[in-house]
$ cat upload34.cif   # mmCIF, C-alpha atoms and all ligand atoms
data_structure
#
loop_
_atom_site.label_atom_id
_atom_site.label_comp_id
_atom_site.auth_asym_id
_atom_site.auth_seq_id
_atom_site.Cartn_x
_atom_site.Cartn_y
_atom_site.Cartn_z
CA MET A 28 39.39 -72.46 147.87
CA SER A 29 38.76 -75.56 149.97
CA ASP A 30 35.50 -77.48 149.76
CA HIS A 31 33.24 -76.80 152.71
CA ARG A 32 30.49 -79.28 151.76
CA HIS A 33 29.84 -81.66 154.63
CA PRO A 34 26.29 -82.96 154.09
CA LEU A 35 26.61 -85.81 156.60
CA PHE A 36 27.90 -83.48 159.29
CA ALA A 37 25.12 -81.03 158.46
CA ARG A 38 22.55 -83.76 159.12
CA PHE A 39 24.38 -84.85 162.26
CA TRP A 40 24.47 -81.26 163.58
CA ALA A 41 20.67 -81.05 163.39
CA PHE A 42 20.68 -83.71 166.10
CA ALA A 43 23.90 -82.87 167.95
CA GLY A 44 23.86 -79.06 167.86
CA PRO A 45 21.03 -78.59 170.37
CA ARG A 46 22.70 -81.14 172.65
CA ALA A 47 26.25 -79.77 172.36
CA MET A 48 25.26 -76.42 173.87
CA SER A 49 22.25 -75.57 176.00
CA LYS A 50 19.79 -72.78 175.16
CA ARG A 51 20.82 -71.14 178.41
CA ASP A 52 24.48 -71.07 177.33
CA ARG A 53 23.54 -69.70 173.91
CA ALA A 54 21.53 -66.93 175.55
CA ALA A 55 24.43 -66.17 177.93
CA LEU A 56 26.89 -66.04 175.03
CA LEU A 57 24.89 -63.32 173.30
CA SER A 58 23.65 -61.47 176.34
CA GLY A 59 24.20 -57.70 176.36
CA LEU A 60 25.28 -57.47 172.73
CA SER A 61 23.97 -54.61 170.62
CA GLY A 62 24.49 -52.91 167.26
CA ASP A 63 25.83 -54.57 164.13
CA LEU A 64 27.20 -58.06 164.60
CA VAL A 65 28.98 -60.78 162.66
CA GLU A 66 28.53 -64.45 163.53
CA VAL A 67 31.32 -66.63 162.18
CA GLY A 68 30.38 -70.21 161.20
CA ALA A 69 26.74 -69.82 162.18
CA GLY A 70 25.84 -73.41 161.28
CA ASP A 71 22.09 -73.87 160.95
CA GLY A 72 21.37 -70.81 163.05
CA LEU A 73 20.95 -72.23 166.54
CA ASN A 74 22.03 -68.91 168.03
CA PHE A 75 19.56 -66.80 166.07
CA PRO A 76 16.67 -66.94 168.60
CA PHE A 77 18.96 -65.65 171.34
CA TYR A 78 20.15 -62.36 169.82
CA PRO A 79 19.00 -59.59 172.18
CA PRO A 80 16.53 -56.95 170.93
CA ASP A 81 19.25 -54.27 170.85
CA VAL A 82 21.04 -56.12 168.05
CA ALA A 83 20.32 -54.15 164.85
CA SER A 84 21.85 -56.56 162.35
CA VAL A 85 23.71 -59.84 162.18
CA THR A 86 25.79 -60.97 159.22
CA ALA A 87 25.85 -64.74 159.71
CA VAL A 88 28.72 -66.26 157.74
CA GLU A 89 28.49 -70.00 156.99
CA PRO A 90 30.49 -71.90 154.35
CA GLU A 91 28.64 -75.25 154.46
CA PRO A 92 25.77 -75.11 151.92
CA SER A 93 23.19 -77.32 153.70
CA LEU A 94 23.73 -75.63 157.04
CA ARG A 95 23.61 -72.22 155.37
CA ALA A 96 20.31 -73.06 153.66
CA ARG A 97 18.73 -74.19 156.95
CA ALA A 98 20.04 -71.07 158.70
CA ALA A 99 18.65 -68.79 155.97
CA ALA A 100 15.27 -70.55 156.09
CA GLY A 101 14.88 -69.83 159.80
CA ALA A 102 16.61 -66.46 160.04
CA PRO A 103 14.77 -63.59 161.70
CA PRO A 104 14.61 -60.29 159.76
CA GLN A 105 17.71 -58.73 161.32
CA VAL A 106 19.90 -61.74 160.37
CA ARG A 107 21.46 -61.96 156.88
CA VAL A 108 22.98 -65.37 156.14
CA VAL A 109 25.90 -65.28 153.70
CA ASP A 110 28.49 -67.62 152.21
CA GLY A 111 32.07 -67.11 153.37
CA THR A 112 34.74 -68.29 155.72
CA ALA A 113 36.27 -67.00 158.92
CA GLU A 114 39.55 -66.57 157.06
CA HIS A 115 37.90 -64.32 154.43
CA LEU A 116 34.94 -62.60 156.03
CA PRO A 117 32.69 -60.88 153.46
CA VAL A 118 32.42 -57.87 155.76
CA ALA A 119 33.85 -54.32 155.60
CA ASP A 120 36.74 -53.15 157.80
CA ALA A 121 35.80 -51.73 161.23
CA SER A 122 32.07 -52.33 160.71
CA ALA A 123 31.09 -54.71 163.53
CA ASP A 124 30.29 -53.90 167.14
CA ALA A 125 30.83 -57.56 168.00
CA VAL A 126 31.87 -60.81 166.40
CA VAL A 127 30.48 -64.10 167.72
CA ALA A 128 32.52 -67.30 167.46
CA CYS A 129 30.64 -70.31 168.79
CA LEU A 130 32.13 -73.80 168.43
CA VAL A 131 33.89 -72.73 165.26
CA LEU A 132 37.53 -71.84 166.00
CA CYS A 133 38.06 -75.59 166.46
CA SER A 134 37.13 -76.07 162.79
CA VAL A 135 38.62 -73.16 160.87
CA ALA A 136 41.57 -74.08 158.67
CA ASP A 137 43.75 -71.25 160.02
CA GLN A 138 43.04 -69.76 163.46
CA ASP A 139 45.52 -66.89 163.03
CA ALA A 140 43.96 -65.84 159.70
CA ALA A 141 40.47 -66.10 161.22
CA LEU A 142 41.39 -63.98 164.24
CA ALA A 143 43.13 -61.42 162.01
CA GLU A 144 39.84 -61.16 160.12
CA VAL A 145 37.91 -60.72 163.37
CA ALA A 146 40.29 -57.90 164.28
CA ARG A 147 39.88 -56.33 160.84
CA VAL A 148 36.08 -56.21 160.91
CA LEU A 149 35.68 -55.07 164.53
CA LYS A 150 35.10 -51.40 165.21
CA PRO A 151 37.55 -49.85 167.69
CA GLY A 152 36.28 -51.01 171.09
CA GLY A 153 34.32 -53.89 169.54
CA VAL A 154 34.31 -57.29 171.20
CA LEU A 155 34.78 -60.92 170.30
CA ARG A 156 32.27 -63.16 172.11
CA PHE A 157 33.43 -66.76 172.13
CA TYR A 158 32.32 -70.20 173.26
CA GLU A 159 34.79 -72.87 172.19
CA HIS A 160 36.01 -76.31 173.17
CA VAL A 161 39.76 -76.37 173.67
CA VAL A 162 42.77 -78.55 174.37
CA ALA A 163 42.77 -80.21 177.81
CA GLU A 164 45.06 -78.87 180.51
CA ASN A 165 45.81 -82.31 181.96
CA ARG A 166 48.19 -84.70 180.22
CA ALA A 167 45.84 -87.68 179.99
CA GLY A 168 43.06 -85.65 178.43
CA ARG A 169 45.46 -83.95 176.05
CA SER A 170 46.97 -87.31 174.96
CA ALA A 171 43.54 -88.72 174.17
CA GLN A 172 42.68 -85.61 172.17
CA GLN A 173 46.00 -85.80 170.30
CA VAL A 174 45.34 -89.39 169.25
CA LEU A 175 41.91 -88.48 167.90
CA ASP A 176 43.25 -85.42 166.04
CA ARG A 177 46.49 -86.86 164.68
CA THR A 178 44.92 -90.06 163.37
CA GLY A 179 42.48 -87.85 161.51
CA LEU A 180 39.60 -89.72 163.12
CA TRP A 181 37.95 -86.76 164.82
CA PRO A 182 38.54 -84.18 162.06
CA THR A 183 37.09 -86.63 159.53
CA LEU A 184 34.02 -87.44 161.61
CA ALA A 185 33.42 -83.85 162.68
CA ALA A 186 33.99 -81.98 159.41
CA GLY A 187 37.41 -80.54 160.17
CA CYS A 188 36.95 -79.99 163.91
CA HIS A 189 40.09 -80.39 166.06
CA LEU A 190 40.14 -81.25 169.76
CA THR A 191 43.63 -79.94 170.49
CA ARG A 192 43.25 -76.28 169.57
CA ASP A 193 44.66 -73.86 172.15
CA THR A 194 42.20 -71.14 171.21
CA ARG A 195 42.95 -69.00 174.24
CA ALA A 196 46.64 -68.79 173.22
CA ALA A 197 45.63 -68.01 169.64
CA MET A 198 43.47 -65.10 170.79
CA VAL A 199 46.27 -63.67 172.93
CA ARG A 200 48.82 -64.20 170.12
CA ASN A 201 46.56 -62.20 167.82
CA GLY A 202 46.32 -59.20 170.11
CA PHE A 203 43.11 -59.96 171.99
CA ALA A 204 42.82 -59.39 175.72
CA LEU A 205 40.37 -61.60 177.57
CA ALA A 206 38.01 -59.28 179.42
CA ASP A 207 36.22 -62.15 181.07
CA GLU A 208 36.67 -65.85 180.72
CA ARG A 209 35.00 -68.96 182.06
CA ARG A 210 36.49 -72.44 181.85
CA PHE A 211 34.21 -75.45 182.18
CA SER A 212 33.56 -78.94 180.91
CA VAL A 213 30.74 -80.17 178.69
CA GLY A 214 30.54 -83.96 178.47
CA GLY A 215 34.17 -84.20 179.59
CA LEU A 216 35.36 -81.77 176.92
CA PRO A 217 37.09 -78.62 178.21
CA HIS A 218 35.54 -75.36 177.04
CA ILE A 219 36.20 -71.65 177.37
CA ALA A 220 33.67 -68.85 176.97
CA GLY A 221 33.81 -65.11 177.44
CA THR A 222 34.59 -61.77 175.87
CA ALA A 223 37.83 -60.67 174.24
CA THR A 224 38.74 -57.16 173.21
CA ARG A 225 41.36 -56.10 170.74
CA GLN A 226 44.29 -54.30 172.34
CA LEU A 227 44.95 -51.13 170.37
C1 LIG B 1 30.28 -77.33 165.31
S1 LIG B 1 29.55 -76.34 164.09
C2 LIG B 1 28.95 -74.97 165.04
C3 LIG B 1 27.85 -74.24 164.35
C4 LIG B 1 27.26 -73.04 165.12
N1 LIG B 1 28.26 -72.05 165.41
C5 LIG B 1 26.58 -73.48 166.39
O1 LIG B 1 26.99 -73.06 167.47
O2 LIG B 1 25.61 -74.27 166.31
C6 LIG B 1 31.00 -75.65 163.31
C7 LIG B 1 30.66 -74.70 162.19
O3 LIG B 1 31.83 -74.08 161.69
C8 LIG B 1 31.71 -73.99 160.29
N2 LIG B 1 33.05 -73.81 159.71
C9 LIG B 1 33.98 -74.74 159.43
N3 LIG B 1 35.06 -74.17 158.87
C10 LIG B 1 34.81 -72.84 158.81
C11 LIG B 1 35.54 -71.71 158.34
N4 LIG B 1 36.77 -71.84 157.84
N5 LIG B 1 34.95 -70.51 158.42
C12 LIG B 1 33.71 -70.36 158.94
N6 LIG B 1 32.98 -71.38 159.41
C13 LIG B 1 33.52 -72.61 159.34
C14 LIG B 1 31.02 -75.27 159.90
O4 LIG B 1 30.49 -75.24 158.60
C15 LIG B 1 29.98 -75.36 160.99
O5 LIG B 1 28.83 -74.62 160.68
#
$ encode --input "upload34.cif" --output "structure tokens"
Amino acid sequence: MSDHRHPLFARFWAFAGPRAMSKRDRAALLSGLSGDLVEVGAGDGLNFPFYPPDVASVTAVEPEPSLRARAAAGAPPQVRVVDGTAEHLPVADASADAVVACLVLCSVADQDAALAEVARVLKPGGVLRFYEHVVAENRAGRSAQQVLDRTGLWPTLAAGCHLTRDTRAAMVRNGFALADERRFSVGGLPHIAGTATRQL
């Protein structure tokens, strides 16, 4: 099993996390969700205050120990913070009404394995809510991202994050249909957000 300890990144995220995504966007990401949820790569729990009242339970999976400890310390009663990875979710088959992936599919070691796990744990009709930065559509942006990824500079600085992930294509390849999708830029970085459902 790979080592998910990134203490420097964990300290950096305390500063950068609230700036990388606004409270309004976190609330919008989680809006309308209900039932039993799984959050993949929950970090230090920045999404926790924004889970709607109809959410009965959240299993928040986080492999990085310092982030996980901070998340557990601030978790509301309905949120259970657990060790695990997106590629091996410690969650039963067909048990989640929704899975939340927020700025994490850029960092997982294997997007296909992670999305197969999302599909496994979702109930029939369950949804994947996502908010992710992705590869640029224009050539200049993509080239700059490729340099940062291929030299290892960005993944090293950002604890395994990659700028060139085509997360939309990965979702489609793994049998998800995008029910709604928004494309936008945050600080010059292209992002996608929306809801994906598993095609049966
Ligand atoms: C940029 S942070 C985002 C944290 C949180 N989702 C948020 O929005 O504040 C990326 C997170 O993904 C986690 N991560 C990295 N690899 C992972 C994996 N294979 N499975 C699950 N989480 C992972 C990191 O530990 C970190 O918490």
$ axis_aligned_box --input "upload34.cif" --around "ligand LIG 1 (chain B)" --padding-each-side "8 Å" --output "lines of an AutoDock Vina configuration file"
center_x = 31.2
center_y = -73.8
center_z = 162.7
size_x = 27.2
size_y = 23.0
size_z = 25.6
$ closest_residue --input "upload34.cif" --among "A:Thr191, A:Glu114, A:Pro76, A:Gly62" --to "ligand LIG 1 (chain B)" --atoms "only C-alpha atoms and all ligand atoms"
A:Glu114
$ closest_atom_pairs --input "upload34.cif" --of "region 105-177 of chain A" --to "region 78-82 of chain A" --cutoff "10 Å" --atoms "all atoms listed in the file" --output "JSON lines"
{"residue": "A:Gln105", "atom": "CA", "partner": "A:Val82", "partner_atom": "CA", "distance": 7.9}
{"residue": "A:Val106", "atom": "CA", "partner": "A:Tyr78", "partner_atom": "CA", "distance": 9.5}
{"residue": "A:Asp124", "atom": "CA", "partner": "A:Val82", "partner_atom": "CA", "distance": 9.6}
{"residue": "A:Ala125", "atom": "CA", "partner": "A:Val82", "partner_atom": "CA", "distance": 9.9}
$ residues_near_ligand --input "upload34.cif" --ligand "ligand LIG 1 (chain B)" --cutoff "7 Å" --atoms "all atoms listed in the file" --output "VMD selection string"
chain A and resid 31 44 67 to 74 88 to 91 94 111 to 114 128 to 131 134 to 136 187
$ write_last_selection --input "upload34.cif" --atoms "C-alpha atoms" --output "compact mmCIF listing (two decimals), keeping the file's coordinate frame"
# COMPACT_ATOMS: atom_id res chain seq x y z
CA HIS A 31 33.24 -76.80 152.71
CA GLY A 44 23.86 -79.06 167.86
CA VAL A 67 31.32 -66.63 162.18
CA GLY A 68 30.38 -70.21 161.20
CA ALA A 69 26.74 -69.82 162.18
CA GLY A 70 25.84 -73.41 161.28
CA ASP A 71 22.09 -73.87 160.95
CA GLY A 72 21.37 -70.81 163.05
CA LEU A 73 20.95 -72.23 166.54
CA ASN A 74 22.03 -68.91 168.03
CA VAL A 88 28.72 -66.26 157.74
CA GLU A 89 28.49 -70.00 156.99
CA PRO A 90 30.49 -71.90 154.35
CA GLU A 91 28.64 -75.25 154.46
CA LEU A 94 23.73 -75.63 157.04
CA GLY A 111 32.07 -67.11 153.37
CA THR A 112 34.74 -68.29 155.72
CA ALA A 113 36.27 -67.00 158.92
CA GLU A 114 39.55 -66.57 157.06
CA ALA A 128 32.52 -67.30 167.46
CA CYS A 129 30.64 -70.31 168.79
CA LEU A 130 32.13 -73.80 168.43
CA VAL A 131 33.89 -72.73 165.26
CA SER A 134 37.13 -76.07 162.79
CA VAL A 135 38.62 -73.16 160.87
CA ALA A 136 41.57 -74.08 158.67
CA GLY A 187 37.41 -80.54 160.17
$ closest_atom_pairs --input "upload34.cif" --of "region 101-152 of chain A" --to "region 203-219 of chain A" --cutoff "12 Å" --atoms "only C-alpha atoms" --output "tab-separated table"
residue	atom	partner	partner_atom	distance
A:Ala128	CA	A:Ile219	CA	11.4
A:Cys129	CA	A:Ile219	CA	10.3
A:Leu130	CA	A:His218	CA	9.4
A:Leu132	CA	A:Ile219	CA	11.4
A:Cys133	CA	A:His218	CA	10.9
A:Asp139	CA	A:Phe203	CA	11.6
A:Leu142	CA	A:Phe203	CA	8.9
A:Ala143	CA	A:Phe203	CA	10.1
A:Val145	CA	A:Phe203	CA	10.1
A:Ala146	CA	A:Phe203	CA	8.5
A:Leu149	CA	A:Phe203	CA	11.6
A:Gly152	CA	A:Phe203	CA	11.3
$ closest_residue --input "upload34.cif" --among "A:Arg200, A:Val126, A:Gly179, A:Thr86" --to "Val109 (chain A)" --atoms "only C-alpha atoms"
A:Thr86
$ residues_around --input "upload34.cif" --residues "Val127 (chain A)" --least-positions-apart "3" --cutoff "9 Å" --atoms "only C-alpha atoms" --output "list of chain:residue names"
A:Leu56, A:Leu57, A:Leu64, A:Val65, A:Glu66, A:Val67, A:Gly68, A:Ala69, A:Val154, A:Leu155, A:Arg156, A:Phe157, A:Tyr158
$ closest_residue --input "upload34.cif" --among "A:Gln138, A:Gln173, A:Ser122, A:Ser49" --to "Ala197 (chain A)" --atoms "only C-alpha atoms"
A:Gln138
$ atom_distance --input "upload34.cif" --atom1 "CA of Leu175 (chain A)" --atom2 "CA of Asp52 (chain A)"
26.4 Å
$ closest_residue --input "upload34.cif" --among "A:Ser93, A:Leu180, A:Ala119, A:Glu159" --to "Phe39 (chain A)" --atoms "all atoms listed in the file"
A:Ser93
$ atom_distance --input "upload34.cif" --atom1 "CA of Ser84 (chain A)" --atom2 "CA of Pro104 (chain A)"
8.5 Å
$ atom_distance --input "upload34.cif" --atom1 "CA of Arg53 (chain A)" --atom2 "CA of Ala87 (chain A)"
15.2 Å
$ residues_around --input "upload34.cif" --residues "Leu190 (chain A)" --least-positions-apart "6" --cutoff "7 Å" --atoms "only C-alpha atoms" --output "short mmCIF file (atom, residue, chain, number, x, y, z; two decimals) with C-alpha atoms, in the coordinates of the input"
data_model
loop_
_atom_site.label_atom_id
_atom_site.label_comp_id
_atom_site.auth_asym_id
_atom_site.auth_seq_id
_atom_site.Cartn_x
_atom_site.Cartn_y
_atom_site.Cartn_z
CA CYS A 133 38.06 -75.59 166.46
CA VAL A 161 39.76 -76.37 173.67
CA VAL A 162 42.77 -78.55 174.37
CA GLN A 172 42.68 -85.61 172.17
CA ASP A 176 43.25 -85.42 166.04
#
$ closest_residue --input "upload34.cif" --among "A:Arg177, A:Arg225, A:His33, A:Arg46" --to "Pro151 (chain A)" --atoms "only C-alpha atoms"
A:Arg225
